[in-house]
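The block underneath contains the structure these notes are about, expressed in structure tokens.
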Amino acid sequence: MEWVVPLVGGLGLGSLLKTVIDHFNSRRAVTKDRLYQEKREAYIGLLGALHKAAIQHSNENSKEYALWQTRCQLFGSSEVSRFAQAILDTNDGPRDERDAAFHGLIETMRKDLQRSA
């Protein structure tokens with residue numbers, strides 16, 4: 001009888017500990033997935049706004065790009081923000097600098113999303 005009480009108590013404590021650990025792991029996975037979705041949405045929105053601004057340059061399209069750029073600053077990496085700004089900075093510059101900024105943006109987005117997955 002002396003060994004039954006510690007055994008039952010130990011099993012209950014182990015179950016409780018496993019439940020707590022499972023809960024924290026589940027919350028961490030949900031948070032990681034939510035961050036990935038936010039980044040993905042921000043990056044796709046930025047590319048869509050860039051496309052609109054390239055097709056039809058207007059004040060409205062420029063503001064939309066700025067909005068998505070801000071979302072990328074909020075949810076994305078600093079490298080993505082840097083390349084998004086480089087696209088604006090090279091707007092009137094040489095074509096090869098703008099192409100380099102665009103390819104850097106795409107590559108950085110891809111790496112950032114792979115790290116988040």
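Chain labels follow the order of the structure tokens: the first chain is A, the next B, and so on; residue numbering restarts at 1 in every chain, and ligands are counted from 1 in their shown order.
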Do you know which residues are at most 9 Å from region 87-91 of chain A counting only C-alpha atoms, after dropping those on the same chain fewer than 3 positions away, and could you put them as a PDB file with N, CA and C atoms, in the first residue's frame?
```
ATOM      1  N   ARG A  82      13.935  46.773 -46.563  1.00  0.00           N
ATOM      2  CA  ARG A  82      15.025  47.486 -47.229  1.00  0.00           C
ATOM      3  C   ARG A  82      14.898  47.386 -48.749  1.00  0.00           C
ATOM      4  N   PHE A  83      14.582  46.192 -49.266  1.00  0.00           N
ATOM      5  CA  PHE A  83      14.422  46.038 -50.711  1.00  0.00           C
ATOM      6  C   PHE A  83      13.156  46.723 -51.229  1.00  0.00           C
ATOM      7  N   ALA A  84      12.086  46.733 -50.427  1.00  0.00           N
ATOM      8  CA  ALA A  84      10.867  47.438 -50.831  1.00  0.00           C
ATOM      9  C   ALA A  84      11.151  48.935 -50.965  1.00  0.00           C
ATOM     10  N   PRO A  94      18.593  53.813 -63.109  1.00  0.00           N
ATOM     11  CA  PRO A  94      18.898  52.832 -64.150  1.00  0.00           C
ATOM     12  C   PRO A  94      18.086  51.551 -63.974  1.00  0.00           C
ATOM     13  N   ARG A  95      17.733  50.953 -65.089  1.00  0.00           N
ATOM     14  CA  ARG A  95      16.883  49.753 -65.089  1.00  0.00           C
ATOM     15  C   ARG A  95      17.548  48.584 -64.354  1.00  0.00           C
ATOM     16  N   GLU A  97      19.559  48.638 -61.768  1.00  0.00           N
ATOM     17  CA  GLU A  97      19.458  48.811 -60.316  1.00  0.00           C
ATOM     18  C   GLU A  97      18.070  48.439 -59.821  1.00  0.00           C
ATOM     19  N   ARG A  98      17.053  48.834 -60.577  1.00  0.00           N
ATOM     20  CA  ARG A  98      15.669  48.496 -60.197  1.00  0.00           C
ATOM     21  C   ARG A  98      15.445  46.992 -60.291  1.00  0.00           C
ATOM     22  N   ASP A  99      15.960  46.372 -61.349  1.00  0.00           N
ATOM     23  CA  ASP A  99      15.840  44.918 -61.479  1.00  0.00           C
ATOM     24  C   ASP A  99      16.547  44.198 -60.335  1.00  0.00           C
ATOM     25  N   ALA A 100      17.712  44.694 -59.943  1.00  0.00           N
ATOM     26  CA  ALA A 100      18.440  44.093 -58.821  1.00  0.00           C
ATOM     27  C   ALA A 100      17.638  44.234 -57.523  1.00  0.00           C
ATOM     28  N   ALA A 101      17.013  45.389 -57.333  1.00  0.00           N
ATOM     29  CA  ALA A 101      16.192  45.591 -56.136  1.00  0.00           C
ATOM     30  C   ALA A 101      14.988  44.648 -56.142  1.00  0.00           C
ATOM     31  N   PHE A 102      14.362  44.468 -57.312  1.00  0.00           N
ATOM     32  CA  PHE A 102      13.198  43.585 -57.406  1.00  0.00           C
ATOM     33  C   PHE A 102      13.602  42.135 -57.147  1.00  0.00           C
ATOM     34  N   LEU A 105      14.277  41.641 -53.565  1.00  0.00           N
ATOM     35  CA  LEU A 105      13.021  41.600 -52.812  1.00  0.00           C
ATOM     36  C   LEU A 105      12.402  40.205 -52.873  1.00  0.00           C
TER      37      LEU A 105
END
```
Non-local contacts of Ile44 (chain A) (12 Å; only C-alpha atoms; under 3 positions in same chain excluded) as a ChimeraX atom specification
/A:37-41,47-51,65,68-69,71-72,76,105-106,109-110,113
So that I have them on file, write out the residues from the current selection with N, CA and C atoms, as an mmCIF file, in the first residue's frame.
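Written file, again10.cif:
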```cif
data_model
loop_
_atom_site.group_PDB
_atom_site.id
_atom_site.type_symbol
_atom_site.label_atom_id
_atom_site.label_comp_id
_atom_site.auth_asym_id
_atom_site.auth_seq_id
_atom_site.Cartn_x
_atom_site.Cartn_y
_atom_site.Cartn_z
ATOM 1 N N GLN A 37 1.282 33.382 -42.014
ATOM 2 C CA GLN A 37 0.161 33.856 -42.830
ATOM 3 C C GLN A 37 0.182 35.375 -42.970
ATOM 4 N N GLU A 38 0.521 36.075 -41.900
ATOM 5 C CA GLU A 38 0.604 37.538 -41.957
ATOM 6 C C GLU A 38 1.715 37.975 -42.906
ATOM 7 N N LYS A 39 2.866 37.330 -42.810
ATOM 8 C CA LYS A 39 3.966 37.660 -43.718
ATOM 9 C C LYS A 39 3.568 37.382 -45.157
ATOM 10 N N ARG A 40 2.995 36.227 -45.376
ATOM 11 C CA ARG A 40 2.600 35.830 -46.736
ATOM 12 C C ARG A 40 1.612 36.835 -47.322
ATOM 13 N N GLU A 41 0.616 37.195 -46.550
ATOM 14 C CA GLU A 41 -0.383 38.162 -47.008
ATOM 15 C C GLU A 41 0.252 39.523 -47.295
ATOM 16 N N LEU A 47 3.464 42.871 -53.535
ATOM 17 C CA LEU A 47 3.712 42.581 -54.949
ATOM 18 C C LEU A 47 2.536 43.016 -55.816
ATOM 19 N N GLY A 48 1.322 42.837 -55.325
ATOM 20 C CA GLY A 48 0.142 43.293 -56.063
ATOM 21 C C GLY A 48 0.113 44.805 -56.206
ATOM 22 N N ALA A 49 0.451 45.495 -55.138
ATOM 23 C CA ALA A 49 0.486 46.964 -55.183
ATOM 24 C C ALA A 49 1.598 47.457 -56.107
ATOM 25 N N LEU A 50 2.722 46.764 -56.107
ATOM 26 C CA LEU A 50 3.821 47.107 -57.011
ATOM 27 C C LEU A 50 3.388 46.922 -58.461
ATOM 28 N N HIS A 51 2.674 45.859 -58.714
ATOM 29 C CA HIS A 51 2.164 45.599 -60.065
ATOM 30 C C HIS A 51 1.199 46.699 -60.509
ATOM 31 N N TYR A 65 0.782 51.082 -52.310
ATOM 32 C CA TYR A 65 2.106 50.478 -52.148
ATOM 33 C C TYR A 65 2.687 50.845 -50.778
ATOM 34 N N TRP A 68 1.098 48.693 -48.033
ATOM 35 C CA TRP A 68 1.623 47.332 -47.993
ATOM 36 C C TRP A 68 3.074 47.312 -47.550
ATOM 37 N N GLN A 69 3.805 48.357 -47.904
ATOM 38 C CA GLN A 69 5.188 48.457 -47.451
ATOM 39 C C GLN A 69 5.226 48.567 -45.927
ATOM 40 N N ARG A 71 2.955 47.381 -43.868
ATOM 41 C CA ARG A 71 2.606 46.061 -43.325
ATOM 42 C C ARG A 71 3.799 45.122 -43.363
ATOM 43 N N CYS A 72 4.606 45.229 -44.425
ATOM 44 C CA CYS A 72 5.816 44.410 -44.500
ATOM 45 C C CYS A 72 6.807 44.809 -43.417
ATOM 46 N N GLY A 76 7.162 41.619 -41.624
ATOM 47 C CA GLY A 76 8.258 40.991 -42.354
ATOM 48 C C GLY A 76 9.618 41.285 -41.768
ATOM 49 N N LEU A 105 14.277 41.641 -53.565
ATOM 50 C CA LEU A 105 13.021 41.600 -52.812
ATOM 51 C C LEU A 105 12.402 40.205 -52.873
ATOM 52 N N ILE A 106 12.319 39.654 -54.076
ATOM 53 C CA ILE A 106 11.712 38.331 -54.239
ATOM 54 C C ILE A 106 12.512 37.267 -53.483
ATOM 55 N N MET A 109 12.052 37.648 -49.728
ATOM 56 C CA MET A 109 10.722 37.178 -49.324
ATOM 57 C C MET A 109 10.699 35.648 -49.264
ATOM 58 N N ARG A 110 11.256 35.025 -50.276
ATOM 59 C CA ARG A 110 11.266 33.559 -50.325
ATOM 60 C C ARG A 110 12.008 32.989 -49.109
ATOM 61 N N LEU A 113 9.986 33.518 -45.840
ATOM 62 C CA LEU A 113 8.838 32.622 -45.723
ATOM 63 C C LEU A 113 9.292 31.194 -45.437
#
```
Give me the residues within 12 Å of Lys32 (chain A) as a list in words, counting only C-alpha atoms and dropping any in the same chain fewer than 3 places off.
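Near Lys32 (chain A), the qualifying residues are Asn25, Ser26, Arg27, Arg28, Ala29, Leu35, Tyr36, Gln37, Glu38, Lys39, Phe75, Leu113, Arg115, Ser116 and Ala117 of chain A.
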Among the residues of region 35-93 of chain A, find those DSSP assigns to alpha helix (DSSP H) from the backbone and print them as a PyMOL selection string.
chain A and resi 35-55+59-75+78-89
Give me, please, the distance in Å between CA of Asp96 (chain A) and CA of Leu74 (chain A), quoted to one decimal.
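Atom-to-atom, CA of Asp96 (chain A) to CA of Leu74 (chain A), that is 28.4 Å.
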Go through A:Leu46, A:Phe24, A:Lys52, A:Glu60 and flag the residue nearest Gln85 (chain A), using only C-alpha atoms for the distances.
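Between A:Leu46, A:Phe24, A:Lys52, A:Glu60, the residue approaching Gln85 (chain A) most closely is A:Leu46.
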